[in-house]
Amino acid sequence: MKKKATFFASIGILLSLFLFQYKTNSFAQTNKTSPKQAAIWQGKMRELYKILIEVATDTSSDEKFNSPKNQSRILNNAKKLSELSHDISDDSVSPDADPTVKMISGMFQGDANRAYWALKTGNRAYARGILNQVSGYCIQCHTRNNSGPNFSKMPLNPSTAKLPLIEQGRFFAATRQYDKAFDIFLKIADDPSSPIQKPLEWERALRYGLSIAIRVKNDPDQAQALIERILGAKKAPYFFKQDALQWKRTVQQWKSEIPKRALTEEGLYLEAVQLISQARDLQKYPMDHAADVGYLRATSVIHELLQKYPDGHHAQDTLLLAGIAYEVLRPITIDNIHETYYEACIRKTPHTSIAENCYKRYEQSTYEGFTGSSGTHLPGDIIKKLHELENLALPQQNSKEETNLSLK
């Protein structure tokens, strides 16, 4: 049941991320592409949607997925999914100018390729597990900020009432039905048994709800309503309540601010830097989540910058800021997406002080990721990539360094 629920959420995510992001005309206008290009993109999305529906049918139960008569179709659809994901990732047309969309498309391509390879080599359980993780991509993309349409009525209407509550909330968040999603997350938060019986589900529901309240709704009152649930939960973990106390103070400070609306690249950039700096000042150690409210607010501004000024004067600095924020916000983000921002920062303007700073963070995160009880073991392809990025990042002799963001 859990696998079925997660896969339906995955379909909703990909569906809303690609197929229904914009209608053809507005899509073309937003990205300055021709209606013909947008129509080609939409055609690919419709094909992808059809394949995902077939895959969902075959993976909806152990019996269907493991039946010998279905295995040929499942493998063929996995191959098509891999091929389509390649087209999507390489296509020059993107739903909006924020490079995050392209990053997520590339990650989807990697997972689709791995799922197809796993099926070909007989590792069917691993392939199914990959598909069950796809839902995170959509939530990451669709709770960046309040830009984009709100899909109150989706063409896809799975029987959400039969899904576990957390999957209902994820599905609604994935398809931009934010009010429904938030109500579900509140329902989970209000269940007194959840912190003990389903602690991971309870914490994730609250974090998803905070992301919607802060980044999508820009509503400190809604955020505080969730935080009060944490503080009032008798069985909530001590560390989570301590984080929530700081979240509440941050929200109260947010409510006391004079309302302002930055309209220029410079104004948005200064706001993002200020929010990041304030969040970092609250942290007692690098992965301290007491500052998550500040980082969530910062990422909303960061994505607005990336959407409106993808090649602006502060584009590289903004990618660095995104990496810094998402490195802390890992509990509600795609794993290692912060490294993707650092890499994009390096490639955006090589041989600058910002690129060097991004590489330092990228390298450190990579080493941490491959360090375990037996030590640090970097695969050959990872070592090769580190060398490539290092050569791109470090200043060349006699080169002029462009900008310097004092966040080292």
# chains A, B, ... in the order shown; residues from 1 in each chain; ligands from 1
>>> residues_around(residues="A:Thr264", least_positions_apart="4", cutoff="12 Å", atoms="only C-alpha atoms", output="number ranges by chain")
A: 268-271, 301, 304-305, 308-309, 312-314
>>> residues_around(residues="A:Pro199", least_positions_apart="4", cutoff="10 Å", atoms="only C-alpha atoms", output="PyMOL selection string")
chain A and resi 193-195+203-205+235-237
>>> write_last_selection(atoms="N, CA and C atoms", output="PDB file, in the first residue's frame")
ATOM      1  N   SER A 193      -1.050  10.739  18.757  1.00  0.00           N
ATOM      2  CA  SER A 193      -0.287   9.486  18.707  1.00  0.00           C
ATOM      3  C   SER A 193       0.842   9.516  17.682  1.00  0.00           C
ATOM      4  N   SER A 194       0.772  10.452  16.735  1.00  0.00           N
ATOM      5  CA  SER A 194       1.749  10.470  15.641  1.00  0.00           C
ATOM      6  C   SER A 194       3.203  10.646  16.084  1.00  0.00           C
ATOM      7  N   PRO A 195       3.509  11.559  17.039  1.00  0.00           N
ATOM      8  CA  PRO A 195       4.917  11.719  17.432  1.00  0.00           C
ATOM      9  C   PRO A 195       5.554  10.441  17.969  1.00  0.00           C
ATOM     10  N   GLU A 203       7.038  14.503  11.735  1.00  0.00           N
ATOM     11  CA  GLU A 203       8.004  15.586  11.538  1.00  0.00           C
ATOM     12  C   GLU A 203       7.994  16.082  10.097  1.00  0.00           C
ATOM     13  N   ARG A 204       7.925  15.162   9.140  1.00  0.00           N
ATOM     14  CA  ARG A 204       7.927  15.574   7.740  1.00  0.00           C
ATOM     15  C   ARG A 204       6.675  16.374   7.382  1.00  0.00           C
ATOM     16  N   ALA A 205       5.539  15.958   7.936  1.00  0.00           N
ATOM     17  CA  ALA A 205       4.298  16.695   7.668  1.00  0.00           C
ATOM     18  C   ALA A 205       4.418  18.136   8.151  1.00  0.00           C
ATOM     19  N   LYS A 235       4.215  14.474  23.302  1.00  0.00           N
ATOM     20  CA  LYS A 235       5.156  13.391  23.001  1.00  0.00           C
ATOM     21  C   LYS A 235       6.186  13.775  21.947  1.00  0.00           C
ATOM     22  N   ALA A 236       6.255  15.050  21.588  1.00  0.00           N
ATOM     23  CA  ALA A 236       7.210  15.483  20.563  1.00  0.00           C
ATOM     24  C   ALA A 236       8.639  15.354  21.079  1.00  0.00           C
ATOM     25  N   PRO A 237       9.588  15.001  20.228  1.00  0.00           N
ATOM     26  CA  PRO A 237      10.994  14.915  20.646  1.00  0.00           C
ATOM     27  C   PRO A 237      11.491  16.246  21.205  1.00  0.00           C
TER      28      PRO A 237
END
>>> closest_residue(among="A:Ser373, A:Thr340, A:Gln252, A:Thr318", to="A:Ala272", atoms="only C-alpha atoms")
A:Thr318
>>> residues_around(residues="stretch 325-330 of chain A", least_positions_apart="2", cutoff="9 Å", atoms="only C-alpha atoms", output="ChimeraX atom specification")
/A:276,286-289,291-292,295-296,298-299,320-323,332-339,341,365
>>> write_last_selection(atoms="N, CA and C atoms", output="compact mmCIF listing (two decimals), in the first residue's frame")
# COMPACT_ATOMS: atom_id res chain seq x y z
N ILE A 276 19.86 35.14 4.91
CA ILE A 276 20.86 34.07 5.12
C ILE A 276 21.75 34.42 6.31
N PRO A 286 26.90 23.92 12.32
CA PRO A 286 26.52 24.02 10.90
C PRO A 286 25.17 23.45 10.53
N MET A 287 24.79 22.29 11.10
CA MET A 287 23.53 21.66 10.73
C MET A 287 22.44 21.90 11.76
N ASP A 288 22.56 22.96 12.52
CA ASP A 288 21.55 23.33 13.52
C ASP A 288 20.28 23.77 12.79
N HIS A 289 19.15 23.10 13.07
CA HIS A 289 17.90 23.40 12.36
C HIS A 289 17.06 24.46 13.06
N ALA A 291 17.40 27.44 12.78
CA ALA A 291 17.29 28.58 11.87
C ALA A 291 16.51 28.25 10.59
N ASP A 292 15.81 27.13 10.57
CA ASP A 292 15.16 26.69 9.34
C ASP A 292 14.13 27.68 8.80
N TYR A 295 15.98 30.21 6.79
CA TYR A 295 16.46 29.65 5.53
C TYR A 295 15.31 29.42 4.54
N LEU A 296 14.15 29.01 5.04
CA LEU A 296 13.00 28.85 4.15
C LEU A 296 12.61 30.20 3.53
N ALA A 298 14.56 32.71 3.07
CA ALA A 298 15.63 33.10 2.15
C ALA A 298 15.49 32.39 0.81
N THR A 299 15.16 31.09 0.83
CA THR A 299 15.07 30.35 -0.43
C THR A 299 13.91 30.85 -1.29
N LEU A 320 25.28 30.32 -4.95
CA LEU A 320 25.99 30.01 -3.72
C LEU A 320 25.05 30.09 -2.52
N LEU A 321 24.25 31.14 -2.47
CA LEU A 321 23.29 31.29 -1.38
C LEU A 321 22.31 30.11 -1.34
N ALA A 322 21.87 29.68 -2.51
CA ALA A 322 20.96 28.54 -2.58
C ALA A 322 21.61 27.28 -2.02
N GLY A 323 22.86 27.06 -2.38
CA GLY A 323 23.57 25.90 -1.85
C GLY A 323 23.70 25.94 -0.34
N ILE A 332 13.84 18.36 4.18
CA ILE A 332 12.68 18.52 3.30
C ILE A 332 13.10 18.79 1.86
N THR A 333 14.32 18.43 1.48
CA THR A 333 14.78 18.69 0.13
C THR A 333 15.27 17.40 -0.51
N ILE A 334 15.53 17.48 -1.81
CA ILE A 334 16.14 16.37 -2.52
C ILE A 334 17.56 16.20 -2.00
N ASP A 335 17.93 14.98 -1.72
CA ASP A 335 19.25 14.73 -1.16
C ASP A 335 20.35 15.27 -2.07
N ASN A 336 21.24 16.03 -1.49
CA ASN A 336 22.43 16.57 -2.16
C ASN A 336 22.12 17.62 -3.24
N ILE A 337 20.92 18.20 -3.23
CA ILE A 337 20.66 19.25 -4.22
C ILE A 337 21.55 20.46 -3.97
N HIS A 338 22.01 20.64 -2.73
CA HIS A 338 22.91 21.76 -2.44
C HIS A 338 24.19 21.65 -3.26
N GLU A 339 24.66 20.40 -3.47
CA GLU A 339 25.87 20.21 -4.27
C GLU A 339 25.62 20.61 -5.72
N TYR A 341 23.68 23.04 -6.71
CA TYR A 341 23.78 24.50 -6.76
C TYR A 341 25.25 24.94 -6.72
N SER A 365 31.42 18.75 1.15
CA SER A 365 30.19 17.96 1.19
C SER A 365 30.40 16.58 0.56
>>> closest_residue(among="A:Pro220, A:Lys255, A:Gln168, A:Gln283", to="A:Asp243", atoms="only C-alpha atoms")
A:Gln283
>>> closest_atom_pairs(of="stretch 293-390 of chain A", to="stretch 98-103 of chain A", cutoff="7 Å", atoms="only C-alpha atoms", output="Markdown table")
| residue | atom | partner | partner_atom | distance |
| --- | --- | --- | --- | --- |
| A:His303 | CA | A:Asp98 | CA | 6.7 |
| A:Leu306 | CA | A:Asp98 | CA | 4.8 |
| A:Gln307 | CA | A:Asp98 | CA | 4.2 |
| A:Pro310 | CA | A:Asp98 | CA | 6.4 |
>>> residues_around(residues="A:Trp117", least_positions_apart="3", cutoff="10 Å", atoms="only C-alpha atoms", output="ChimeraX atom specification")
/A:75,78-79,82,111-114,120-124,126-127
>>> closest_residue(among="A:Ala125, A:Leu231, A:Val251, A:Leu319", to="A:Asn218", atoms="only C-alpha atoms")
A:Val251
>>> closest_residue(among="A:Thr371, A:Ser105, A:Ser300, A:Ser67", to="A:Ile214", atoms="only C-alpha atoms")
A:Ser300
>>> atom_distance(atom1="atom CA of A:Met107", atom2="atom CA of A:Asn76")
21.0 Å
>>> select_by_dssp(residues="stretch 172-404 of chain A", states="strand (DSSP E)", output="list in words")
Thr371, Gly372, Gly375 and Thr376 of chain A
>>> write_last_selection(atoms="N, CA and C atoms", output="CSV table (one decimal), in the first residue's frame")
chain,number,residue,atom,x,y,z
A,371,THR,N,32.3,9.4,3.5
A,371,THR,CA,33.0,9.0,4.7
A,371,THR,C,32.1,8.2,5.6
A,372,GLY,N,32.6,7.0,6.0
A,372,GLY,CA,31.9,6.2,6.9
A,372,GLY,C,32.8,5.6,8.0
A,375,GLY,N,36.3,4.9,7.0
A,375,GLY,CA,37.1,6.0,6.5
A,375,GLY,C,36.5,6.6,5.2
A,376,THR,N,37.2,7.4,4.5
A,376,THR,CA,36.7,8.0,3.3
A,376,THR,C,37.2,7.3,2.0
>>> residues_around(residues="A:Thr349", least_positions_apart="6", cutoff="10 Å", atoms="only C-alpha atoms", output="list in words")
Ala315, Gln316, Asp317, Ala355, Leu392, Ala393 and Glu402 of chain A
>>> residues_around(residues="A:Ile383", least_positions_apart="6", cutoff="12 Å", atoms="only C-alpha atoms", output="list in words")
Glu363, Thr366, Tyr367, Phe370, Thr376, His377, Leu389 and Glu390 of chain A
>>> write_last_selection(atoms="C-alpha atoms", output="PDB file, in the first residue's frame")
ATOM      1  CA  GLU A 363      34.385  19.288  -2.053  1.00  0.00           C
ATOM      2  CA  THR A 366      31.446  15.257  -1.182  1.00  0.00           C
ATOM      3  CA  TYR A 367      34.048  14.018   1.284  1.00  0.00           C
ATOM      4  CA  PHE A 370      31.688   9.258   1.190  1.00  0.00           C
ATOM      5  CA  THR A 376      36.716   8.045   3.283  1.00  0.00           C
ATOM      6  CA  HIS A 377      36.480   6.162  -0.011  1.00  0.00           C
ATOM      7  CA  LEU A 389      35.522  21.328 -10.868  1.00  0.00           C
ATOM      8  CA  GLU A 390      38.676  22.323  -9.016  1.00  0.00           C
TER       9      GLU A 390
END
>>> atom_distance(atom1="atom CA of A:Trp202", atom2="atom CA of A:Gln177")
19.9 Å
>>> atom_distance(atom1="atom CA of A:Leu165", atom2="atom CA of A:Ala189")
10.8 Å
>>> decode(residues="stretch 249-271 of chain A", atoms="C-alpha atoms", output="mmCIF file, in the first residue's frame")
data_model
loop_
_atom_site.group_PDB
_atom_site.id
_atom_site.type_symbol
_atom_site.label_atom_id
_atom_site.label_comp_id
_atom_site.auth_asym_id
_atom_site.auth_seq_id
_atom_site.Cartn_x
_atom_site.Cartn_y
_atom_site.Cartn_z
ATOM 1 C CA ARG A 249 10.736 33.657 17.850
ATOM 2 C CA THR A 250 11.805 34.016 14.219
ATOM 3 C CA VAL A 251 8.206 34.090 13.022
ATOM 4 C CA GLN A 252 7.318 36.711 15.636
ATOM 5 C CA GLN A 253 10.209 38.840 14.424
ATOM 6 C CA TRP A 254 8.999 38.321 10.845
ATOM 7 C CA LYS A 255 5.507 39.552 11.858
ATOM 8 C CA SER A 256 7.003 42.696 13.388
ATOM 9 C CA GLU A 257 8.867 43.665 10.212
ATOM 10 C CA ILE A 258 7.639 46.523 8.107
ATOM 11 C CA PRO A 259 6.071 44.993 4.979
ATOM 12 C CA LYS A 260 8.280 45.566 1.968
ATOM 13 C CA ARG A 261 8.496 44.283 -1.545
ATOM 14 C CA ALA A 262 11.806 44.295 -3.397
ATOM 15 C CA LEU A 263 11.267 45.035 -7.085
ATOM 16 C CA THR A 264 14.817 45.022 -8.430
ATOM 17 C CA GLU A 265 17.593 42.457 -8.667
ATOM 18 C CA GLU A 266 19.686 44.438 -6.215
ATOM 19 C CA GLY A 267 16.825 44.676 -3.732
ATOM 20 C CA LEU A 268 16.036 40.947 -3.887
ATOM 21 C CA TYR A 269 19.709 40.061 -3.592
ATOM 22 C CA LEU A 270 20.234 42.233 -0.524
ATOM 23 C CA GLU A 271 17.117 40.724 1.060
#
